[in-house]
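Heads up, the thing below is written out as structure tokens.
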There are 2 protein chains.
Amino acid sequence: MKSETNISKKHVADLLIAGRARDPGPGGHGRAPANIALCKYWGKRDEAINLPLTPSLSVALGELGAETVLEPIDAADDIFILNGAEVDMRCEAARRVVEYLDLFRPVGLRLRVDSRSSIPLAAGLASSASGFAALALALDDLFGWRLEHRALSIMARLGSGSACRSLYKGFAEWLAGERTDGMDSYAVPLADEWPAFRIALLEISVAPKEIGSRAAMRRTVATSELYRRWPARVAGDIAAIRAGIANRDLEQVGTTAEGNALAMHATMIDSRPAILYWKPESVAAMEQIWKLRAAGLKVFFTMDAGPNLKLIYEEGQSAEVRRHFPGLREVAPFGF
Amino acid sequence: MKSETNISKKHVADLLIAGRARDPGPGGHGRAPANIALCKYWGKRDEAINLPLTPSLSVALGELGAETVLEPIDAADDIFILNGAEVDMRCEAARRVVEYLDLFRPVGLRLRVDSRSSIPLAAGLASSASGFAALALALDDLFGWRLEHRALSIMARLGSGSACRSLYKGFAEWLAGERTDGMDSYAVPLADEWPAFRIALLEISVAPKEIGSRAAMRRTVATSELYRRWPARVAGDIAAIRAGIANRDLEQVGTTAEGNALAMHATMIDSRPAILYWKPESVAAMEQIWKLRAAGLKVFFTMDAGPNLKLIYEEGQSAEVRRHFPGLREVAPFGF
């Protein structure tokens, strides 16, 4: 399952903006929502340009996301400001941003990157998805490219795989694609609006993870025997979730999304050494959700590469769900 | 993966004791150890006669096990006494014993079955393995058949799959076999003795399980997509464990047994609806073991279809392990 290609990010970036200006305007602005996958992205077929082994499907978190302002500066180095605080340019997050900017800008252009995230970072939510989507939009604005959504989605993907799904409101599907250059691997929005749909963040632990999601994904693909059936799992799940969304069938969407997340964690548990993001409190929360569901409350969960849960339910169950989980951060992806 | 055969237990039982006496002596006695699989039995290719989809490998629990005395009685019904208390013949456990006796005895013969188990039943240990192995041995003694170990192992298997491994001390491997009548599916002992080997029971919860292991096994085979790679997982693991035992390599046996148990639980977690035997305290115990191992203590775990852990280590680590887990029930499979 290893990448056999030699396609570089720089090559894809050049393809995306071929023939377009590299001279910046006075500034650029971009804004993008965070997203939570209902059918997970887990495993790459190409690590260099973030090509997935399977499609995935997400819902955007409405107002929760990132906003970025770019400004050319007369300086020797870039400046990266995150939530008002200057980030040391030697740290990993800053280096990823600089490398990303290098893909698109002319040599010598330095930028001030001012980024704000409204996601509770401590909640273990992948802030890189909305961050790189906002950055791609800000670059498009700065250089005046007016790229199409498809190109912007590919552009965001080069920064962080799941960022390609953060270009849209509501539900989005990342088409895995088949090409080695990834030009057919981008996200498209689903037309369905589901105003009653709710997703809520249940924080279990804010302790730093022992293994990051990129490394976990890599170890799973390399060592989990059970992972070989993951693509088949996804094929069934994504179709079921798509159909469930079309029919506003919360039961189908919820059970499938929950099963899909558990399947992803199962492939991690099967990795060697095992990867277990679950804390005792994660299991306690799962038990509670199953108990509530057995008692008739329609509430489901999904989990990403971390110990926290994201609850899925509809507007009508909101009060009851929040009563059982105080401190829940509820999101209405289509507005309240 | 469903059974396509129509072989009955009765047919196999008749094959096993073909031409042998059905007249009982005055009494029969049998004794067999419990066993813990280091490479798990998970999934059947034939439900009627307990044929597994894969081989498995276990270690017997020394003195912990079952002892059964059979006595012909002049009565309308059998009597089943478990640990000194008469069992209601309408309950599931009693019915399984009666059905098992019916496979071998002449019509009309009634028996008093007096069985004692030295396993802490509350520990969630499969008592059916040692129970049916002891019962098979007691029947052999009662009728004076003097069956070979291979036949006795098949005979025990008809009562409970993993019972076929409880015929031996030390390590045993259950050969999956290929025949539809199961006459090549039995356990054989491994020649290796490993006096320093220790296995210990860590009780997490004695609450009744929400789903029994037979039903869990069935649901996993029927609904887990990831389960399809389980046979490949087992093929690698059983070879690694066998080699590790031959070399007295605790690290290899321990990591592989632990990974194999986690893989089995991963297939359950991938089942739909999900099967999660882990309690919050199970996860806390796993975390503790991983932490101790990171600190240099050679201790590993395995888990069966329940929340409890079984710790694997060597004599030299015994004091240290027991200091961290008070209340541990330690077993020396080859004697202290």
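Ligands are numbered from 1 in the order shown, chains are lettered A, B, ... in the order of the structure tokens, and residues start at 1 in each chain.
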What residues in stretch 61-294 of chain A get the DSSP label strand (DSSP E or B)? Please answer as an MDAnalysis selection string. chainID A and resid 61:73 79:82 85:86 110:117 171:174 187:189 197:202
Could you write out that same residue set with N, CA, C and O atoms as a compact mmCIF listing (two decimals), in the first residue's frame?
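What landed in result_8.txt:
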# COMPACT_ATOMS: atom_id res chain seq x y z
N LEU A 61 -18.45 22.09 10.60
CA LEU A 61 -18.90 22.55 11.92
C LEU A 61 -19.39 24.00 11.93
O LEU A 61 -19.11 24.74 12.89
N GLY A 62 -20.10 24.39 10.89
CA GLY A 62 -20.72 25.72 10.89
C GLY A 62 -19.73 26.84 11.14
O GLY A 62 -18.76 27.02 10.39
N GLU A 63 -19.97 27.56 12.23
CA GLU A 63 -19.13 28.72 12.53
C GLU A 63 -17.77 28.35 13.13
O GLU A 63 -16.86 29.18 13.18
N LEU A 64 -17.66 27.12 13.61
CA LEU A 64 -16.38 26.71 14.19
C LEU A 64 -15.37 26.45 13.08
O LEU A 64 -15.60 25.62 12.21
N GLY A 65 -14.26 27.15 13.11
CA GLY A 65 -13.27 26.94 12.07
C GLY A 65 -12.12 27.90 12.19
O GLY A 65 -11.80 28.37 13.29
N ALA A 66 -11.51 28.22 11.04
CA ALA A 66 -10.32 29.07 11.04
C ALA A 66 -10.49 30.25 10.11
O ALA A 66 -11.23 30.17 9.11
N GLU A 67 -9.82 31.34 10.43
CA GLU A 67 -9.84 32.53 9.61
C GLU A 67 -8.40 33.01 9.51
O GLU A 67 -7.70 33.11 10.53
N THR A 68 -7.96 33.31 8.29
CA THR A 68 -6.55 33.65 8.09
C THR A 68 -6.40 34.90 7.23
O THR A 68 -7.08 35.04 6.20
N VAL A 69 -5.51 35.78 7.64
CA VAL A 69 -5.18 36.98 6.87
C VAL A 69 -3.70 36.92 6.50
O VAL A 69 -2.85 36.66 7.35
N LEU A 70 -3.43 37.12 5.20
CA LEU A 70 -2.05 37.10 4.70
C LEU A 70 -1.64 38.51 4.30
O LEU A 70 -2.43 39.23 3.68
N GLU A 71 -0.40 38.87 4.61
CA GLU A 71 0.10 40.20 4.24
C GLU A 71 1.56 40.10 3.87
O GLU A 71 2.36 39.58 4.66
N PRO A 72 1.92 40.59 2.67
CA PRO A 72 3.35 40.60 2.32
C PRO A 72 4.10 41.49 3.29
O PRO A 72 3.58 42.55 3.69
N ILE A 73 5.27 41.05 3.70
CA ILE A 73 6.06 41.87 4.63
C ILE A 73 7.48 42.00 4.11
O ILE A 73 7.97 41.14 3.37
N ILE A 79 6.22 35.57 9.38
CA ILE A 79 5.71 35.70 10.75
C ILE A 79 4.42 34.90 10.81
O ILE A 79 3.58 35.02 9.92
N PHE A 80 4.27 34.08 11.83
CA PHE A 80 3.06 33.26 11.98
C PHE A 80 2.43 33.58 13.33
O PHE A 80 3.04 33.37 14.38
N ILE A 81 1.23 34.11 13.26
CA ILE A 81 0.51 34.46 14.48
C ILE A 81 -0.71 33.56 14.60
O ILE A 81 -1.52 33.47 13.67
N LEU A 82 -0.81 32.86 15.70
CA LEU A 82 -1.94 31.96 15.90
C LEU A 82 -2.73 32.41 17.12
O LEU A 82 -2.18 32.46 18.23
N ALA A 85 -1.04 35.12 19.17
CA ALA A 85 0.30 34.93 19.72
C ALA A 85 1.27 34.51 18.63
O ALA A 85 0.96 33.63 17.82
N GLU A 86 2.45 35.13 18.62
CA GLU A 86 3.44 34.79 17.60
C GLU A 86 4.00 33.39 17.88
O GLU A 86 4.36 33.06 19.01
N ARG A 110 8.01 37.29 1.53
CA ARG A 110 7.77 36.88 2.92
C ARG A 110 6.38 37.32 3.32
O ARG A 110 5.88 38.36 2.86
N LEU A 111 5.77 36.54 4.18
CA LEU A 111 4.37 36.82 4.54
C LEU A 111 4.15 36.82 6.05
O LEU A 111 4.84 36.10 6.80
N ARG A 112 3.20 37.63 6.41
CA ARG A 112 2.71 37.61 7.79
C ARG A 112 1.41 36.82 7.73
O ARG A 112 0.48 37.15 6.98
N VAL A 113 1.37 35.72 8.47
CA VAL A 113 0.20 34.84 8.48
C VAL A 113 -0.51 35.03 9.82
O VAL A 113 0.03 34.64 10.86
N ASP A 114 -1.68 35.61 9.78
CA ASP A 114 -2.41 35.85 11.03
C ASP A 114 -3.64 34.93 11.03
O ASP A 114 -4.58 35.14 10.27
N SER A 115 -3.59 33.93 11.86
CA SER A 115 -4.64 32.92 11.83
C SER A 115 -5.38 32.83 13.17
O SER A 115 -4.76 32.89 14.23
N ARG A 116 -6.68 32.74 13.07
CA ARG A 116 -7.49 32.60 14.27
C ARG A 116 -8.36 31.36 14.14
O ARG A 116 -8.91 31.11 13.08
N SER A 117 -8.43 30.63 15.23
CA SER A 117 -9.25 29.42 15.22
C SER A 117 -10.33 29.55 16.29
O SER A 117 -10.03 29.93 17.42
N PHE A 171 -22.52 18.83 4.41
CA PHE A 171 -21.87 17.55 4.14
C PHE A 171 -20.97 17.64 2.92
O PHE A 171 -21.30 18.32 1.94
N ALA A 172 -19.85 16.96 2.97
CA ALA A 172 -18.93 16.93 1.83
C ALA A 172 -18.33 15.55 1.71
O ALA A 172 -18.10 14.86 2.71
N GLU A 173 -18.10 15.13 0.47
CA GLU A 173 -17.46 13.83 0.24
C GLU A 173 -16.14 14.04 -0.47
O GLU A 173 -16.06 14.75 -1.46
N TRP A 174 -15.11 13.42 0.07
CA TRP A 174 -13.78 13.46 -0.54
C TRP A 174 -13.68 12.24 -1.45
O TRP A 174 -13.68 11.11 -0.98
N ALA A 187 -12.67 17.12 -2.67
CA ALA A 187 -13.99 16.98 -2.04
C ALA A 187 -15.05 17.72 -2.84
O ALA A 187 -14.76 18.73 -3.49
N VAL A 188 -16.25 17.17 -2.78
CA VAL A 188 -17.40 17.84 -3.40
C VAL A 188 -18.49 17.98 -2.33
O VAL A 188 -18.61 17.13 -1.44
N PRO A 189 -19.29 19.05 -2.41
CA PRO A 189 -20.34 19.21 -1.40
C PRO A 189 -21.53 18.32 -1.73
O PRO A 189 -21.78 18.02 -2.90
N PHE A 197 -30.04 18.46 12.00
CA PHE A 197 -28.85 17.67 12.33
C PHE A 197 -27.96 18.39 13.35
O PHE A 197 -27.69 19.57 13.23
N ARG A 198 -27.52 17.66 14.35
CA ARG A 198 -26.65 18.22 15.38
C ARG A 198 -25.43 17.33 15.58
O ARG A 198 -25.52 16.10 15.51
N ILE A 199 -24.30 17.98 15.81
CA ILE A 199 -23.10 17.24 16.20
C ILE A 199 -22.49 18.01 17.36
O ILE A 199 -22.52 19.24 17.38
N ALA A 200 -22.02 17.30 18.38
CA ALA A 200 -21.57 17.98 19.59
C ALA A 200 -20.29 17.36 20.11
O ALA A 200 -20.09 16.14 20.04
N LEU A 201 -19.41 18.21 20.64
CA LEU A 201 -18.10 17.77 21.10
C LEU A 201 -18.14 17.41 22.57
O LEU A 201 -18.49 18.23 23.41
N LEU A 202 -17.78 16.18 22.88
CA LEU A 202 -17.71 15.73 24.27
C LEU A 202 -16.25 15.54 24.63
O LEU A 202 -15.59 14.61 24.17
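The interface of chain B with chain A at 7 Å, considering only C-alpha atoms, consists of Glu225, Leu226, Tyr227, Arg229, Trp230, Arg233, Gly259, Leu262, Ala263, Ala266, Thr267, Ile269, Asp270, Arg272, Lys279, Pro280, Glu281, Val283 and Ala284 of chain B.
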Please produce an output containing C-alpha atoms for each residue in the selection, written as a CSV table (one decimal), in the first residue's frame.
chain,number,residue,atom,x,y,z
B,225,GLU,CA,-15.8,-7.0,7.7
B,226,LEU,CA,-12.4,-6.9,9.5
B,227,TYR,CA,-12.9,-10.4,10.7
B,229,ARG,CA,-8.4,-11.0,7.9
B,230,TRP,CA,-8.6,-12.9,11.3
B,233,ARG,CA,-3.7,-12.8,11.7
B,259,GLY,CA,-1.6,-8.5,20.0
B,262,LEU,CA,-6.4,-7.2,20.9
B,263,ALA,CA,-7.0,-8.3,17.3
B,266,ALA,CA,-10.9,-5.5,17.4
B,267,THR,CA,-13.1,-7.9,15.4
B,269,ILE,CA,-15.5,-3.8,18.1
B,270,ASP,CA,-16.0,-3.9,14.4
B,272,ARG,CA,-22.5,-4.5,14.2
B,279,LYS,CA,-14.9,-1.8,31.0
B,280,PRO,CA,-13.3,1.5,31.8
B,281,GLU,CA,-11.2,-0.5,34.4
B,283,VAL,CA,-8.6,0.1,29.7
B,284,ALA,CA,-7.0,1.4,32.9
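Minimum atom-to-atom distances from B:Pro33, B:Ala138, B:Leu51, B:Leu311 to B:Arg179 were compared using only C-alpha atoms, and the lowest value belongs to B:Leu51.
Summary of the local environment: counting only C-alpha atoms, residues at most 9 Å from A:Arg96, other than itself and those fewer than 5 positions away along its chain, are Cys91, Leu101 and Gly159 of chain A.
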Any chance you could export the current selection's C-alpha atoms as a PDB file, in the first residue's frame?
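Writing the result to result_16.pdb gives the following:
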ATOM      1  CA  CYS A  91       8.189  24.625  15.748  1.00  0.00           C
ATOM      2  CA  LEU A 101       3.540  28.872   1.375  1.00  0.00           C
ATOM      3  CA  GLY A 159      -1.532  21.013   3.364  1.00  0.00           C
TER       4      GLY A 159
END
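Comparing B:Ile49, B:Val321, B:Leu190, B:Ala305 by their smallest distance to B:Ile211, the closest is B:Ala305 (using only C-alpha atoms).
Closest to B:Gly28 among B:Leu137, B:Leu167, B:Ala216, B:Ile275 is B:Leu137, based on only C-alpha atoms.
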Backbone-only DSSP, helix (DSSP H, G or I) members of stretch 66-130 of chain A, as number ranges by chain: A: 92-104, 121-123, 127-130
Once you have the residues from the selection above, write them out as a tab-separated table (two decimals), in the first residue's frame, restricted to N, CA, C and O atoms.
chain	number	residue	atom	x	y	z
A	92	GLU	N	7.05	22.77	14.74
A	92	GLU	CA	6.47	21.94	13.68
A	92	GLU	C	5.33	22.63	12.94
A	92	GLU	O	5.29	22.67	11.70
A	93	ALA	N	4.39	23.23	13.66
A	93	ALA	CA	3.23	23.88	13.04
A	93	ALA	C	3.67	25.01	12.11
A	93	ALA	O	3.17	25.14	10.99
A	94	ALA	N	4.64	25.80	12.56
A	94	ALA	CA	5.12	26.93	11.76
A	94	ALA	C	5.85	26.42	10.53
A	94	ALA	O	5.70	26.97	9.43
A	95	ARG	N	6.65	25.38	10.70
A	95	ARG	CA	7.39	24.84	9.55
A	95	ARG	C	6.45	24.31	8.48
A	95	ARG	O	6.68	24.46	7.29
A	96	ARG	N	5.34	23.68	8.91
A	96	ARG	CA	4.37	23.19	7.92
A	96	ARG	C	3.76	24.34	7.14
A	96	ARG	O	3.53	24.23	5.94
A	97	VAL	N	3.50	25.44	7.82
A	97	VAL	CA	2.91	26.61	7.15
A	97	VAL	C	3.89	27.20	6.14
A	97	VAL	O	3.54	27.48	4.98
A	98	VAL	N	5.15	27.36	6.55
A	98	VAL	CA	6.17	27.93	5.66
A	98	VAL	C	6.36	27.05	4.42
A	98	VAL	O	6.39	27.54	3.29
A	99	GLU	N	6.47	25.75	4.64
A	99	GLU	CA	6.65	24.83	3.50
A	99	GLU	C	5.45	24.91	2.55
A	99	GLU	O	5.60	24.80	1.34
A	100	TYR	N	4.29	25.10	3.13
A	100	TYR	CA	3.08	25.20	2.31
A	100	TYR	C	3.10	26.48	1.47
A	100	TYR	O	2.84	26.46	0.27
A	101	LEU	N	3.47	27.59	2.10
A	101	LEU	CA	3.54	28.87	1.38
A	101	LEU	C	4.56	28.78	0.23
A	101	LEU	O	4.33	29.29	-0.87
A	102	ASP	N	5.67	28.09	0.48
A	102	ASP	CA	6.73	27.95	-0.53
A	102	ASP	C	6.24	27.28	-1.81
A	102	ASP	O	6.82	27.46	-2.88
A	103	LEU	N	5.18	26.49	-1.69
A	103	LEU	CA	4.66	25.79	-2.87
A	103	LEU	C	4.09	26.78	-3.89
A	103	LEU	O	4.04	26.50	-5.08
A	104	PHE	N	3.62	27.92	-3.38
A	104	PHE	CA	2.83	28.80	-4.24
A	104	PHE	C	3.43	30.18	-4.50
A	104	PHE	O	3.10	30.82	-5.47
A	121	LEU	N	-9.14	24.28	20.75
A	121	LEU	CA	-7.99	23.46	20.34
A	121	LEU	C	-7.77	22.29	21.28
A	121	LEU	O	-7.39	21.21	20.87
A	122	ALA	N	-8.03	22.54	22.54
A	122	ALA	CA	-7.80	21.49	23.53
A	122	ALA	C	-8.71	20.29	23.32
A	122	ALA	O	-8.45	19.21	23.81
A	123	ALA	N	-9.78	20.49	22.56
A	123	ALA	CA	-10.73	19.40	22.36
A	123	ALA	C	-10.18	18.31	21.44
A	123	ALA	O	-10.85	17.34	21.15
A	127	SER	N	-7.34	20.84	13.97
A	127	SER	CA	-7.43	22.23	13.54
A	127	SER	C	-6.71	22.42	12.21
A	127	SER	O	-6.88	23.43	11.56
A	128	SER	N	-5.90	21.43	11.81
A	128	SER	CA	-5.16	21.58	10.56
A	128	SER	C	-6.10	21.58	9.36
A	128	SER	O	-5.80	22.22	8.35
A	129	ALA	N	-7.23	20.91	9.45
A	129	ALA	CA	-8.16	20.87	8.32
A	129	ALA	C	-8.68	22.27	8.00
A	129	ALA	O	-8.52	22.76	6.89
A	130	SER	N	-9.29	22.92	8.99
A	130	SER	CA	-9.81	24.26	8.71
A	130	SER	C	-8.66	25.24	8.50
A	130	SER	O	-8.75	26.17	7.70
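If you measure from each of A:Gly84, A:Ile204, A:Ser58, A:Pro52 to A:Asp184 using only C-alpha atoms, the closest one turns out to be A:Pro52.
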Atom CA of B:Cys164 to atom CA of B:Leu152: how many Å, to one decimal? 7.8 Å
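Here atom CA of A:Ala48 stands at a distance of 13.2 Å from atom CA of A:Met155.
Across the structure, atom CA of B:Arg248 and atom CA of B:Thr302 are spaced 17.8 Å apart.
Proximity of B:Ala196, B:Ile17, B:Ile289, B:Ala37 to B:Asp249, computed with only C-alpha atoms, is greatest for B:Ala196.
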